[in-house]
Every structure is written in C-alpha cells, then in structure tokens.
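Asks: Contents of run02.cif (mmCIF, N, CA and C atoms) are given next:
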data_structure
#
loop_
_atom_site.label_atom_id
_atom_site.label_comp_id
_atom_site.auth_asym_id
_atom_site.auth_seq_id
_atom_site.Cartn_x
_atom_site.Cartn_y
_atom_site.Cartn_z
N MET K 1 24.79 -25.64 -15.32
CA MET K 1 25.47 -24.69 -14.43
C MET K 1 24.63 -24.47 -13.17
N MET K 2 25.26 -24.65 -12.07
CA MET K 2 24.53 -24.46 -10.81
C MET K 2 24.47 -22.98 -10.47
N GLY K 3 23.43 -22.62 -9.73
CA GLY K 3 23.32 -21.26 -9.26
C GLY K 3 22.89 -20.27 -10.33
N GLU K 4 22.48 -20.77 -11.49
CA GLU K 4 22.02 -19.87 -12.54
C GLU K 4 20.65 -19.31 -12.15
N ALA K 5 20.45 -18.05 -12.47
CA ALA K 5 19.20 -17.39 -12.08
C ALA K 5 18.01 -18.00 -12.81
N VAL K 6 16.89 -18.04 -12.13
CA VAL K 6 15.64 -18.47 -12.73
C VAL K 6 15.18 -17.39 -13.70
N GLU K 7 14.77 -17.80 -14.88
CA GLU K 7 14.22 -16.86 -15.85
C GLU K 7 12.70 -16.94 -15.79
N ASP K 8 12.06 -15.82 -16.08
CA ASP K 8 10.60 -15.77 -16.08
C ASP K 8 10.12 -15.44 -17.48
N TRP K 9 9.16 -16.24 -17.96
CA TRP K 9 8.66 -16.13 -19.32
C TRP K 9 7.15 -15.94 -19.31
N ILE K 10 6.67 -15.11 -20.24
CA ILE K 10 5.24 -15.00 -20.48
C ILE K 10 4.92 -16.00 -21.60
N TYR K 11 3.97 -16.89 -21.36
CA TYR K 11 3.54 -17.85 -22.37
C TYR K 11 2.09 -17.51 -22.72
N ILE K 12 1.87 -17.12 -23.98
CA ILE K 12 0.55 -16.64 -24.39
C ILE K 12 -0.36 -17.79 -24.78
N LEU K 13 -1.57 -17.78 -24.26
CA LEU K 13 -2.59 -18.75 -24.66
C LEU K 13 -3.80 -17.98 -25.19
N ASN K 14 -4.25 -18.38 -26.36
CA ASN K 14 -5.49 -17.84 -26.91
C ASN K 14 -6.53 -18.95 -26.83
N PRO K 15 -7.46 -18.85 -25.87
CA PRO K 15 -8.43 -19.95 -25.68
C PRO K 15 -9.24 -20.26 -26.93
N ASN K 16 -9.34 -19.30 -27.86
CA ASN K 16 -10.10 -19.56 -29.08
C ASN K 16 -9.30 -20.41 -30.07
N LYS K 17 -7.97 -20.40 -29.95
CA LYS K 17 -7.13 -21.12 -30.92
C LYS K 17 -6.37 -22.28 -30.29
N ASP K 18 -5.85 -22.08 -29.08
CA ASP K 18 -4.98 -23.08 -28.46
C ASP K 18 -5.82 -24.06 -27.64
N THR K 19 -5.51 -25.35 -27.79
CA THR K 19 -6.22 -26.35 -27.00
C THR K 19 -5.23 -27.17 -26.19
N LEU K 20 -5.71 -27.67 -25.07
CA LEU K 20 -4.94 -28.59 -24.23
C LEU K 20 -5.82 -29.81 -24.04
N ASP K 21 -5.30 -30.94 -24.42
CA ASP K 21 -6.09 -32.18 -24.35
C ASP K 21 -7.43 -32.01 -25.04
N GLY K 22 -7.45 -31.24 -26.14
CA GLY K 22 -8.68 -31.08 -26.91
C GLY K 22 -9.65 -30.07 -26.33
N GLU K 23 -9.32 -29.47 -25.20
CA GLU K 23 -10.21 -28.49 -24.59
C GLU K 23 -9.66 -27.09 -24.83
N PRO K 24 -10.54 -26.07 -24.92
CA PRO K 24 -10.03 -24.71 -25.04
C PRO K 24 -9.15 -24.38 -23.83
N SER K 25 -8.08 -23.65 -24.07
CA SER K 25 -7.14 -23.35 -22.99
C SER K 25 -7.59 -22.11 -22.21
N THR K 26 -8.73 -22.26 -21.53
CA THR K 26 -9.27 -21.17 -20.72
C THR K 26 -8.60 -21.20 -19.34
N LYS K 27 -8.80 -20.12 -18.60
CA LYS K 27 -8.29 -20.07 -17.22
C LYS K 27 -8.85 -21.24 -16.42
N GLU K 28 -10.11 -21.57 -16.65
CA GLU K 28 -10.76 -22.65 -15.90
C GLU K 28 -10.12 -24.01 -16.22
N THR K 29 -9.87 -24.25 -17.51
CA THR K 29 -9.24 -25.52 -17.92
C THR K 29 -7.86 -25.65 -17.29
N ILE K 30 -7.06 -24.60 -17.39
CA ILE K 30 -5.70 -24.64 -16.85
C ILE K 30 -5.73 -24.83 -15.33
N ARG K 31 -6.64 -24.16 -14.66
CA ARG K 31 -6.72 -24.30 -13.20
C ARG K 31 -7.08 -25.73 -12.82
N ARG K 32 -8.02 -26.32 -13.56
CA ARG K 32 -8.40 -27.71 -13.27
C ARG K 32 -7.22 -28.64 -13.53
N LEU K 33 -6.52 -28.43 -14.65
CA LEU K 33 -5.36 -29.27 -14.96
C LEU K 33 -4.27 -29.13 -13.89
N ALA K 34 -4.13 -27.93 -13.33
CA ALA K 34 -3.10 -27.72 -12.30
C ALA K 34 -3.32 -28.68 -11.12
N HIS K 35 -4.57 -29.02 -10.87
CA HIS K 35 -4.89 -29.91 -9.75
C HIS K 35 -4.99 -31.38 -10.17
N GLU K 36 -5.45 -31.63 -11.41
CA GLU K 36 -5.74 -33.00 -11.82
C GLU K 36 -4.64 -33.63 -12.67
N ASP K 37 -4.00 -32.83 -13.52
CA ASP K 37 -3.03 -33.38 -14.48
C ASP K 37 -2.04 -32.27 -14.83
N PRO K 38 -1.16 -31.90 -13.88
CA PRO K 38 -0.37 -30.68 -14.01
C PRO K 38 0.79 -30.71 -15.01
N GLU K 39 1.14 -31.91 -15.51
CA GLU K 39 2.29 -31.97 -16.41
C GLU K 39 1.87 -31.62 -17.83
N LEU K 40 2.52 -30.61 -18.40
CA LEU K 40 2.18 -30.12 -19.73
C LEU K 40 3.33 -30.36 -20.70
N ASP K 41 2.97 -30.53 -21.96
CA ASP K 41 3.94 -30.59 -23.04
C ASP K 41 3.52 -29.47 -24.00
N LEU K 42 4.23 -28.37 -23.99
CA LEU K 42 3.82 -27.16 -24.70
C LEU K 42 4.64 -26.94 -25.96
N TRP K 43 4.05 -26.30 -26.95
CA TRP K 43 4.79 -26.01 -28.16
C TRP K 43 5.41 -24.63 -28.08
N LEU K 44 6.50 -24.49 -28.79
CA LEU K 44 7.20 -23.22 -28.91
C LEU K 44 7.41 -22.96 -30.39
N SER K 45 7.30 -21.70 -30.81
CA SER K 45 7.51 -21.38 -32.22
C SER K 45 8.99 -21.42 -32.57
N ARG K 46 9.84 -21.26 -31.56
CA ARG K 46 11.29 -21.38 -31.78
C ARG K 46 11.89 -21.87 -30.48
N ARG K 47 13.14 -22.25 -30.53
CA ARG K 47 13.77 -22.79 -29.33
C ARG K 47 14.18 -21.63 -28.41
N ASN K 48 13.43 -21.43 -27.37
CA ASN K 48 13.77 -20.41 -26.38
C ASN K 48 14.83 -20.98 -25.44
N ARG K 49 15.63 -20.09 -24.89
CA ARG K 49 16.70 -20.54 -24.00
C ARG K 49 16.16 -20.74 -22.59
N MET K 50 15.29 -21.70 -22.45
CA MET K 50 14.70 -22.00 -21.15
C MET K 50 15.52 -23.08 -20.46
N SER K 51 15.49 -23.05 -19.14
CA SER K 51 16.20 -24.04 -18.35
C SER K 51 15.25 -24.62 -17.31
N PRO K 52 15.55 -25.82 -16.83
CA PRO K 52 14.74 -26.39 -15.75
C PRO K 52 14.67 -25.40 -14.59
N GLY K 53 13.47 -25.25 -14.03
CA GLY K 53 13.28 -24.32 -12.92
C GLY K 53 12.78 -22.95 -13.35
N ASP K 54 12.91 -22.62 -14.64
CA ASP K 54 12.36 -21.35 -15.13
C ASP K 54 10.85 -21.38 -14.94
N ARG K 55 10.27 -20.18 -14.84
CA ARG K 55 8.82 -20.07 -14.64
C ARG K 55 8.14 -19.63 -15.93
N LEU K 56 7.00 -20.27 -16.21
CA LEU K 56 6.14 -19.88 -17.34
C LEU K 56 4.87 -19.27 -16.76
N TRP K 57 4.67 -18.00 -17.03
CA TRP K 57 3.47 -17.28 -16.58
C TRP K 57 2.49 -17.30 -17.74
N PHE K 58 1.33 -17.94 -17.56
CA PHE K 58 0.37 -18.08 -18.65
C PHE K 58 -0.49 -16.84 -18.79
N PHE K 59 -0.35 -16.20 -19.95
CA PHE K 59 -1.11 -14.99 -20.28
C PHE K 59 -2.26 -15.41 -21.19
N PHE K 60 -3.49 -15.19 -20.73
CA PHE K 60 -4.68 -15.55 -21.49
C PHE K 60 -5.13 -14.32 -22.27
N SER K 61 -5.24 -14.45 -23.59
CA SER K 61 -5.60 -13.30 -24.40
C SER K 61 -7.11 -13.03 -24.39
N GLN K 62 -7.91 -14.01 -23.98
CA GLN K 62 -9.37 -13.88 -23.94
C GLN K 62 -9.88 -14.46 -22.62
N PRO K 63 -11.00 -14.11 -22.07
CA PRO K 63 -11.81 -12.93 -22.39
C PRO K 63 -11.16 -11.64 -21.89
N GLU K 64 -10.31 -11.75 -20.84
CA GLU K 64 -9.55 -10.57 -20.41
C GLU K 64 -8.08 -10.89 -20.59
N SER K 65 -7.29 -9.89 -20.99
CA SER K 65 -5.86 -10.11 -21.19
C SER K 65 -5.17 -10.06 -19.84
N ALA K 66 -4.76 -11.23 -19.35
CA ALA K 66 -4.14 -11.27 -18.03
C ALA K 66 -3.41 -12.58 -17.81
N VAL K 67 -2.42 -12.53 -16.91
CA VAL K 67 -1.73 -13.74 -16.46
C VAL K 67 -2.58 -14.35 -15.34
N ALA K 68 -2.90 -15.65 -15.48
CA ALA K 68 -3.75 -16.29 -14.48
C ALA K 68 -3.34 -17.72 -14.17
N ALA K 69 -2.09 -18.10 -14.48
CA ALA K 69 -1.61 -19.44 -14.14
C ALA K 69 -0.09 -19.43 -14.21
N LEU K 70 0.52 -20.40 -13.50
CA LEU K 70 1.98 -20.48 -13.45
C LEU K 70 2.42 -21.94 -13.53
N ALA K 71 3.49 -22.16 -14.32
CA ALA K 71 4.11 -23.48 -14.41
C ALA K 71 5.61 -23.32 -14.27
N GLU K 72 6.26 -24.45 -13.99
CA GLU K 72 7.72 -24.47 -13.90
C GLU K 72 8.25 -25.39 -14.99
N VAL K 73 9.30 -24.94 -15.68
CA VAL K 73 9.91 -25.73 -16.75
C VAL K 73 10.61 -26.95 -16.14
N ASP K 74 10.33 -28.14 -16.71
CA ASP K 74 10.91 -29.38 -16.19
C ASP K 74 12.27 -29.70 -16.82
N LYS K 75 12.39 -29.47 -18.13
CA LYS K 75 13.66 -29.69 -18.80
C LYS K 75 13.79 -28.76 -19.99
N GLU K 76 14.99 -28.68 -20.54
CA GLU K 76 15.23 -27.75 -21.63
C GLU K 76 14.34 -28.07 -22.83
N PRO K 77 13.95 -27.04 -23.59
CA PRO K 77 13.16 -27.28 -24.79
C PRO K 77 13.89 -28.23 -25.75
N TYR K 78 13.11 -28.98 -26.51
CA TYR K 78 13.70 -29.94 -27.44
C TYR K 78 12.99 -29.82 -28.79
N GLU K 79 13.64 -30.36 -29.81
CA GLU K 79 13.07 -30.33 -31.15
C GLU K 79 12.21 -31.56 -31.35
N ASP K 80 11.05 -31.37 -31.99
CA ASP K 80 10.14 -32.47 -32.27
C ASP K 80 10.00 -32.61 -33.78
N PRO K 81 10.81 -33.48 -34.40
CA PRO K 81 10.77 -33.61 -35.86
C PRO K 81 9.44 -34.18 -36.37
N GLU K 82 8.64 -34.76 -35.48
CA GLU K 82 7.35 -35.33 -35.88
C GLU K 82 6.31 -34.25 -36.14
N ASP K 83 6.55 -33.04 -35.63
CA ASP K 83 5.55 -31.99 -35.72
C ASP K 83 6.16 -30.76 -36.39
N PRO K 84 6.10 -30.70 -37.74
CA PRO K 84 6.76 -29.59 -38.45
C PRO K 84 6.13 -28.23 -38.13
N GLU K 85 4.83 -28.20 -37.78
CA GLU K 85 4.18 -26.92 -37.50
C GLU K 85 4.70 -26.31 -36.20
N PHE K 86 4.82 -27.14 -35.18
CA PHE K 86 5.35 -26.67 -33.88
C PHE K 86 6.55 -27.54 -33.57
N SER K 87 7.70 -27.20 -34.12
CA SER K 87 8.83 -28.11 -34.08
C SER K 87 9.60 -28.09 -32.76
N TYR K 88 9.30 -27.13 -31.88
CA TYR K 88 9.97 -27.11 -30.58
C TYR K 88 8.93 -27.29 -29.48
N ARG K 89 9.34 -28.01 -28.46
CA ARG K 89 8.42 -28.28 -27.35
C ARG K 89 9.15 -28.09 -26.03
N VAL K 90 8.38 -27.86 -24.98
CA VAL K 90 8.96 -27.76 -23.65
C VAL K 90 8.00 -28.43 -22.67
N GLU K 91 8.57 -29.19 -21.75
CA GLU K 91 7.76 -29.84 -20.72
C GLU K 91 7.77 -28.97 -19.48
N ALA K 92 6.59 -28.78 -18.91
CA ALA K 92 6.45 -27.94 -17.72
C ALA K 92 5.37 -28.53 -16.83
N THR K 93 5.41 -28.14 -15.56
CA THR K 93 4.42 -28.61 -14.59
C THR K 93 3.72 -27.40 -13.97
N LEU K 94 2.40 -27.41 -14.04
CA LEU K 94 1.61 -26.33 -13.44
C LEU K 94 1.76 -26.36 -11.92
N LEU K 95 1.79 -25.18 -11.32
CA LEU K 95 1.89 -25.05 -9.86
C LEU K 95 0.51 -24.71 -9.32
N PRO K 96 -0.16 -25.67 -8.67
CA PRO K 96 -1.57 -25.48 -8.28
C PRO K 96 -1.82 -24.28 -7.37
N GLU K 97 -1.03 -24.10 -6.31
CA GLU K 97 -1.31 -23.01 -5.37
C GLU K 97 -1.13 -21.65 -6.04
N ALA K 98 -0.05 -21.50 -6.80
CA ALA K 98 0.21 -20.23 -7.49
C ALA K 98 -0.87 -19.97 -8.55
N THR K 99 -1.27 -21.05 -9.25
CA THR K 99 -2.32 -20.90 -10.27
C THR K 99 -3.64 -20.48 -9.63
N ASP K 100 -3.99 -21.09 -8.48
CA ASP K 100 -5.21 -20.67 -7.77
C ASP K 100 -5.15 -19.20 -7.40
N ALA K 101 -3.99 -18.77 -6.89
CA ALA K 101 -3.84 -17.37 -6.46
C ALA K 101 -3.98 -16.42 -7.65
N LEU K 102 -3.33 -16.77 -8.77
CA LEU K 102 -3.40 -15.92 -9.96
C LEU K 102 -4.79 -15.95 -10.58
N TYR K 103 -5.44 -17.09 -10.53
CA TYR K 103 -6.80 -17.22 -11.05
C TYR K 103 -7.72 -16.24 -10.31
N GLY K 104 -7.54 -16.17 -9.00
CA GLY K 104 -8.37 -15.29 -8.18
C GLY K 104 -8.00 -13.82 -8.31
N SER K 105 -6.76 -13.55 -8.70
CA SER K 105 -6.30 -12.16 -8.81
C SER K 105 -5.32 -12.05 -9.99
N PRO K 106 -5.86 -12.11 -11.23
CA PRO K 106 -4.99 -12.11 -12.40
C PRO K 106 -4.21 -10.80 -12.55
N VAL K 107 -3.09 -10.88 -13.25
CA VAL K 107 -2.25 -9.71 -13.50
C VAL K 107 -2.49 -9.25 -14.93
N GLY K 108 -3.04 -8.04 -15.06
CA GLY K 108 -3.44 -7.52 -16.37
C GLY K 108 -2.28 -7.00 -17.20
N ARG K 109 -2.57 -6.75 -18.46
CA ARG K 109 -1.57 -6.31 -19.43
C ARG K 109 -0.86 -5.02 -18.99
N GLU K 110 -1.58 -4.07 -18.43
CA GLU K 110 -0.94 -2.82 -18.01
C GLU K 110 0.10 -3.08 -16.91
N GLU K 111 -0.27 -3.94 -15.95
CA GLU K 111 0.65 -4.25 -14.85
C GLU K 111 1.88 -5.00 -15.35
N LEU K 112 1.72 -5.73 -16.45
CA LEU K 112 2.83 -6.49 -17.02
C LEU K 112 3.74 -5.61 -17.88
N LYS K 113 3.28 -4.38 -18.16
CA LYS K 113 4.03 -3.44 -19.02
C LYS K 113 4.23 -4.04 -20.41
N LEU K 114 3.20 -4.74 -20.90
CA LEU K 114 3.28 -5.36 -22.22
C LEU K 114 2.68 -4.43 -23.27
N ALA K 115 3.45 -4.12 -24.26
CA ALA K 115 2.92 -3.34 -25.38
C ALA K 115 2.30 -4.32 -26.36
N GLN K 116 3.15 -5.06 -27.05
CA GLN K 116 2.63 -6.10 -27.93
C GLN K 116 2.87 -7.44 -27.27
N VAL K 117 2.05 -8.39 -27.65
CA VAL K 117 2.13 -9.71 -27.04
C VAL K 117 2.56 -10.71 -28.10
N ARG K 118 3.75 -11.26 -27.94
CA ARG K 118 4.22 -12.32 -28.82
C ARG K 118 3.98 -13.66 -28.12
N SER K 119 4.26 -14.74 -28.84
CA SER K 119 3.90 -16.05 -28.30
C SER K 119 4.61 -16.35 -26.98
N VAL K 120 5.92 -16.13 -26.93
CA VAL K 120 6.66 -16.35 -25.69
C VAL K 120 7.67 -15.22 -25.57
N GLN K 121 7.73 -14.60 -24.41
CA GLN K 121 8.69 -13.52 -24.21
C GLN K 121 9.09 -13.45 -22.75
N LYS K 122 10.20 -12.80 -22.49
CA LYS K 122 10.67 -12.66 -21.11
C LYS K 122 9.76 -11.69 -20.36
N VAL K 123 9.61 -11.94 -19.07
CA VAL K 123 8.87 -11.03 -18.20
C VAL K 123 9.73 -9.77 -18.02
N LYS K 124 9.10 -8.62 -18.11
CA LYS K 124 9.83 -7.37 -17.87
C LYS K 124 10.18 -7.29 -16.38
N PRO K 125 11.42 -6.87 -16.04
CA PRO K 125 11.86 -6.86 -14.64
C PRO K 125 10.92 -6.09 -13.72
N GLU K 126 10.36 -5.00 -14.20
CA GLU K 126 9.48 -4.20 -13.33
C GLU K 126 8.13 -4.88 -13.08
N ALA K 127 7.78 -5.88 -13.91
CA ALA K 127 6.51 -6.59 -13.72
C ALA K 127 6.65 -7.79 -12.80
N LEU K 128 7.87 -8.27 -12.59
CA LEU K 128 8.07 -9.50 -11.83
C LEU K 128 7.58 -9.41 -10.38
N PRO K 129 7.85 -8.31 -9.64
CA PRO K 129 7.35 -8.25 -8.26
C PRO K 129 5.83 -8.40 -8.16
N VAL K 130 5.10 -7.83 -9.10
CA VAL K 130 3.63 -7.94 -9.11
C VAL K 130 3.22 -9.39 -9.34
N LEU K 131 3.85 -10.05 -10.30
CA LEU K 131 3.53 -11.45 -10.58
C LEU K 131 3.81 -12.34 -9.38
N LEU K 132 4.99 -12.18 -8.80
CA LEU K 132 5.36 -13.01 -7.64
C LEU K 132 4.40 -12.78 -6.48
N ALA K 133 4.03 -11.53 -6.24
CA ALA K 133 3.12 -11.22 -5.13
C ALA K 133 1.75 -11.85 -5.37
N ARG K 134 1.20 -11.72 -6.57
CA ARG K 134 -0.12 -12.26 -6.88
C ARG K 134 -0.11 -13.77 -6.83
N ALA K 135 1.02 -14.38 -7.17
CA ALA K 135 1.12 -15.85 -7.16
C ALA K 135 1.40 -16.38 -5.75
N GLY K 136 1.63 -15.48 -4.81
CA GLY K 136 1.92 -15.89 -3.44
C GLY K 136 3.32 -16.45 -3.27
N LEU K 137 4.26 -16.01 -4.12
CA LEU K 137 5.62 -16.51 -4.04
C LEU K 137 6.55 -15.51 -3.40
#
Could you spell out this file's structure in structure tokens?

Replies:
Amino acid sequence: MMGEAVEDWIYILNPNKDTLDGEPSTKETIRRLAHEDPELDLWLSRRNRMSPGDRLWFFFSQPESAVAALAEVDKEPYEDPEDPEFSYRVEATLLPEATDALYGSPVGREELKLAQVRSVQKVKPEALPVLLARAGL
C-alpha cells in the first residue's frame, strides 16, 4: 500500500547477551558497522508488523539505557525455519549520519517514556519528536 505511514520501533540490544558478527552489540560496534557494513539481519521473537521504510531505533540496555543508533527496515519480516530459537528475522540498514548523531547525544529511557523494556516495541508518540531531533531528521 502506497502512502502508508512509517512506523517507529524500539529494538533492544543487550551488549552482554546480543552479538553482531560475533562482537558485543555495543554503541561503538553499531556505529562502526553503520559506516563499514550497514546491512543487518536481525532476529525477532515474533513477527512484528514491520514494513519497508519503518525505522528501528536501537536501545542499548548497557552501560547506559539509551537509544544511540538508527536503522531502516529493508523488507517485511520473514520466518526462518532454520533457526528455531529466533524464528523471525528482519533485514535493515543502519543510517550512518543519524547513528553518529544519536551516538553523540543518546536518548535516555526517561525521554522515551519507557516503563518496561521488551525486545521490540513501538515508539511512544510523545517520544518521537525527541528521537527525530537527536537523529537530525
């Protein structure tokens, strides 16, 4: 469907548990990948209703709880029967300029109006202006 609104999602990364290319998923790793190898294949615990063009705001649970990177969804999530533990995946591309901006000025949990943090959730409408401003969008 054309003209459908872009959805914004919080994607939680725990650098102590989640790895990307075998490296801890720290703000530094993600920022480097945004410039060197921005295409990601991410797991989802369930099939979220994501569409191409949706934004994934990466929330790092350690060392400080904050959003510090941004990616755009490339295509709809798909099922991966080869991986029973993480059976849904989504392909996304990191946005280097926005990630640099967020890295330098992360958006904390209070500003996001997040009470509890689940693996993937929609951005609260009142938090979106802060995210867009910090990302330079």

Asks: Give me, as a PyMOL selection string, all polymer residues having an atom no more than 6 Å from Ser61 (chain K), counting only N, CA and C atoms and skipping those fewer than 2 positions away in the same chain.

Replies: chain K and resi 13-15+59+63-66

Asks: Go ahead and save the picked residues with N, CA and C atoms, as a PDB file, in the coordinates of the input.

Replies:
ATOM      1  N   LEU K  13      -1.570 -17.780 -24.260  1.00  0.00           N
ATOM      2  CA  LEU K  13      -2.590 -18.750 -24.660  1.00  0.00           C
ATOM      3  C   LEU K  13      -3.800 -17.980 -25.190  1.00  0.00           C
ATOM      4  N   ASN K  14      -4.250 -18.380 -26.360  1.00  0.00           N
ATOM      5  CA  ASN K  14      -5.490 -17.840 -26.910  1.00  0.00           C
ATOM      6  C   ASN K  14      -6.530 -18.950 -26.830  1.00  0.00           C
ATOM      7  N   PRO K  15      -7.460 -18.850 -25.870  1.00  0.00           N
ATOM      8  CA  PRO K  15      -8.430 -19.950 -25.680  1.00  0.00           C
ATOM      9  C   PRO K  15      -9.240 -20.260 -26.930  1.00  0.00           C
ATOM     10  N   PHE K  59      -0.350 -16.200 -19.950  1.00  0.00           N
ATOM     11  CA  PHE K  59      -1.110 -14.990 -20.280  1.00  0.00           C
ATOM     12  C   PHE K  59      -2.260 -15.410 -21.190  1.00  0.00           C
ATOM     13  N   PRO K  63     -11.000 -14.110 -22.070  1.00  0.00           N
ATOM     14  CA  PRO K  63     -11.810 -12.930 -22.390  1.00  0.00           C
ATOM     15  C   PRO K  63     -11.160 -11.640 -21.890  1.00  0.00           C
ATOM     16  N   GLU K  64     -10.310 -11.750 -20.840  1.00  0.00           N
ATOM     17  CA  GLU K  64      -9.550 -10.570 -20.410  1.00  0.00           C
ATOM     18  C   GLU K  64      -8.080 -10.890 -20.590  1.00  0.00           C
ATOM     19  N   SER K  65      -7.290  -9.890 -20.990  1.00  0.00           N
ATOM     20  CA  SER K  65      -5.860 -10.110 -21.190  1.00  0.00           C
ATOM     21  C   SER K  65      -5.170 -10.060 -19.840  1.00  0.00           C
ATOM     22  N   ALA K  66      -4.760 -11.230 -19.350  1.00  0.00           N
ATOM     23  CA  ALA K  66      -4.140 -11.270 -18.030  1.00  0.00           C
ATOM     24  C   ALA K  66      -3.410 -12.580 -17.810  1.00  0.00           C
TER      25      ALA K  66
END

Asks: Ranking K:Pro96, K:Asp74, K:Phe86, K:Leu131 by minimum distance to Leu112 (chain K) and counting only N, CA and C atoms, which one comes first?

Replies: K:Leu131

Asks: So which residues get picked by the PyMOL selection byres ((chain K and resi 121-129) around 6.5) here, written as a count of residues only?

Replies: 16

Asks: If DSSP is run on the backbone, what residues of chain K are alpha helix (DSSP H)? A reply as a PyMOL selection string would be ideal.

Replies: chain K and resi 27-36+96-104+109-112+128-135

Asks: Find the nearest atom pair between each residue of region 29-67 of chain K and region 97-101 of chain K for residues within 8 Å, count all atoms listed in the file, give distances in Å to one decimal, sort rows by chain and ascending number, and present the table as a tab-separated table.

Replies:
residue	atom	partner	partner_atom	distance
K:Ile30	C	K:Thr99	CA	7.3
K:Arg31	CA	K:Thr99	C	6.1
K:Ala34	C	K:Glu97	N	7.0
K:His35	N	K:Glu97	N	7.6

Asks: Distance atom N of Arg89 (chain K)-atom C of Gly136 (chain K), one decimal place?

Replies: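 So the answer is 28.4 Å.
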
Asks: Find the distance between atom C of Ser25 (chain K) and CA of Val6 (chain K) and write it in Å to one decimal.

Replies: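 Going from atom C of Ser25 (chain K) over to CA of Val6 (chain K) covers 25.4 Å.
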
Asks: Residues picked by the PyMOL selection byres ((chain K and resi 93) around 8) here, as a list of chain:residue names?

Replies: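 Applying the expression gives K:Ala34, K:Asp37, K:Pro38, K:Glu39, K:Leu40, K:Asp41, K:Leu70, K:Ala71, K:Glu72, K:Val73, K:Asp74, K:Lys75, K:Val90, K:Glu91, K:Ala92, K:Leu94, K:Leu95, K:Pro96.
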
Asks: Using the selection just defined, write its residues with N, CA and C atoms as a compact mmCIF listing (two decimals), in the frame of the given file.

Replies:
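Saved as selection_29.txt:
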# COMPACT_ATOMS: atom_id res chain seq x y z
N ALA K 34 -4.13 -27.93 -13.33
CA ALA K 34 -3.10 -27.72 -12.30
C ALA K 34 -3.32 -28.68 -11.12
N ASP K 37 -4.00 -32.83 -13.52
CA ASP K 37 -3.03 -33.38 -14.48
C ASP K 37 -2.04 -32.27 -14.83
N PRO K 38 -1.16 -31.90 -13.88
CA PRO K 38 -0.37 -30.68 -14.01
C PRO K 38 0.79 -30.71 -15.01
N GLU K 39 1.14 -31.91 -15.51
CA GLU K 39 2.29 -31.97 -16.41
C GLU K 39 1.87 -31.62 -17.83
N LEU K 40 2.52 -30.61 -18.40
CA LEU K 40 2.18 -30.12 -19.73
C LEU K 40 3.33 -30.36 -20.70
N ASP K 41 2.97 -30.53 -21.96
CA ASP K 41 3.94 -30.59 -23.04
C ASP K 41 3.52 -29.47 -24.00
N LEU K 70 0.52 -20.40 -13.50
CA LEU K 70 1.98 -20.48 -13.45
C LEU K 70 2.42 -21.94 -13.53
N ALA K 71 3.49 -22.16 -14.32
CA ALA K 71 4.11 -23.48 -14.41
C ALA K 71 5.61 -23.32 -14.27
N GLU K 72 6.26 -24.45 -13.99
CA GLU K 72 7.72 -24.47 -13.90
C GLU K 72 8.25 -25.39 -14.99
N VAL K 73 9.30 -24.94 -15.68
CA VAL K 73 9.91 -25.73 -16.75
C VAL K 73 10.61 -26.95 -16.14
N ASP K 74 10.33 -28.14 -16.71
CA ASP K 74 10.91 -29.38 -16.19
C ASP K 74 12.27 -29.70 -16.82
N LYS K 75 12.39 -29.47 -18.13
CA LYS K 75 13.66 -29.69 -18.80
C LYS K 75 13.79 -28.76 -19.99
N VAL K 90 8.38 -27.86 -24.98
CA VAL K 90 8.96 -27.76 -23.65
C VAL K 90 8.00 -28.43 -22.67
N GLU K 91 8.57 -29.19 -21.75
CA GLU K 91 7.76 -29.84 -20.72
C GLU K 91 7.77 -28.97 -19.48
N ALA K 92 6.59 -28.78 -18.91
CA ALA K 92 6.45 -27.94 -17.72
C ALA K 92 5.37 -28.53 -16.83
N LEU K 94 2.40 -27.41 -14.04
CA LEU K 94 1.61 -26.33 -13.44
C LEU K 94 1.76 -26.36 -11.92
N LEU K 95 1.79 -25.18 -11.32
CA LEU K 95 1.89 -25.05 -9.86
C LEU K 95 0.51 -24.71 -9.32
N PRO K 96 -0.16 -25.67 -8.67
CA PRO K 96 -1.57 -25.48 -8.28
C PRO K 96 -1.82 -24.28 -7.37

Asks: Rebuild N, CA, C and O atoms on region 98-105 of chain K, as an mmCIF file, in the frame of the given file?

Replies:
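Once written, out.cif looks like this:
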data_model
loop_
_atom_site.group_PDB
_atom_site.id
_atom_site.type_symbol
_atom_site.label_atom_id
_atom_site.label_comp_id
_atom_site.auth_asym_id
_atom_site.auth_seq_id
_atom_site.Cartn_x
_atom_site.Cartn_y
_atom_site.Cartn_z
ATOM 1 N N ALA K 98 -0.050 -21.500 -6.800
ATOM 2 C CA ALA K 98 0.210 -20.230 -7.490
ATOM 3 C C ALA K 98 -0.870 -19.970 -8.550
ATOM 4 O O ALA K 98 -1.329 -18.840 -8.725
ATOM 5 N N THR K 99 -1.270 -21.050 -9.250
ATOM 6 C CA THR K 99 -2.320 -20.900 -10.270
ATOM 7 C C THR K 99 -3.640 -20.480 -9.630
ATOM 8 O O THR K 99 -4.329 -19.609 -10.143
ATOM 9 N N ASP K 100 -3.990 -21.090 -8.480
ATOM 10 C CA ASP K 100 -5.210 -20.670 -7.770
ATOM 11 C C ASP K 100 -5.150 -19.200 -7.400
ATOM 12 O O ASP K 100 -6.120 -18.458 -7.562
ATOM 13 N N ALA K 101 -3.990 -18.770 -6.890
ATOM 14 C CA ALA K 101 -3.840 -17.370 -6.460
ATOM 15 C C ALA K 101 -3.980 -16.420 -7.650
ATOM 16 O O ALA K 101 -4.678 -15.407 -7.575
ATOM 17 N N LEU K 102 -3.330 -16.770 -8.770
ATOM 18 C CA LEU K 102 -3.400 -15.920 -9.960
ATOM 19 C C LEU K 102 -4.790 -15.950 -10.580
ATOM 20 O O LEU K 102 -5.268 -14.945 -11.108
ATOM 21 N N TYR K 103 -5.440 -17.090 -10.530
ATOM 22 C CA TYR K 103 -6.800 -17.220 -11.050
ATOM 23 C C TYR K 103 -7.720 -16.240 -10.310
ATOM 24 O O TYR K 103 -8.544 -15.572 -10.905
ATOM 25 N N GLY K 104 -7.540 -16.170 -9.000
ATOM 26 C CA GLY K 104 -8.370 -15.290 -8.180
ATOM 27 C C GLY K 104 -8.000 -13.820 -8.310
ATOM 28 O O GLY K 104 -8.832 -12.949 -8.070
ATOM 29 N N SER K 105 -6.760 -13.550 -8.700
ATOM 30 C CA SER K 105 -6.300 -12.160 -8.810
ATOM 31 C C SER K 105 -5.320 -12.050 -9.990
ATOM 32 O O SER K 105 -4.119 -11.953 -9.803
#
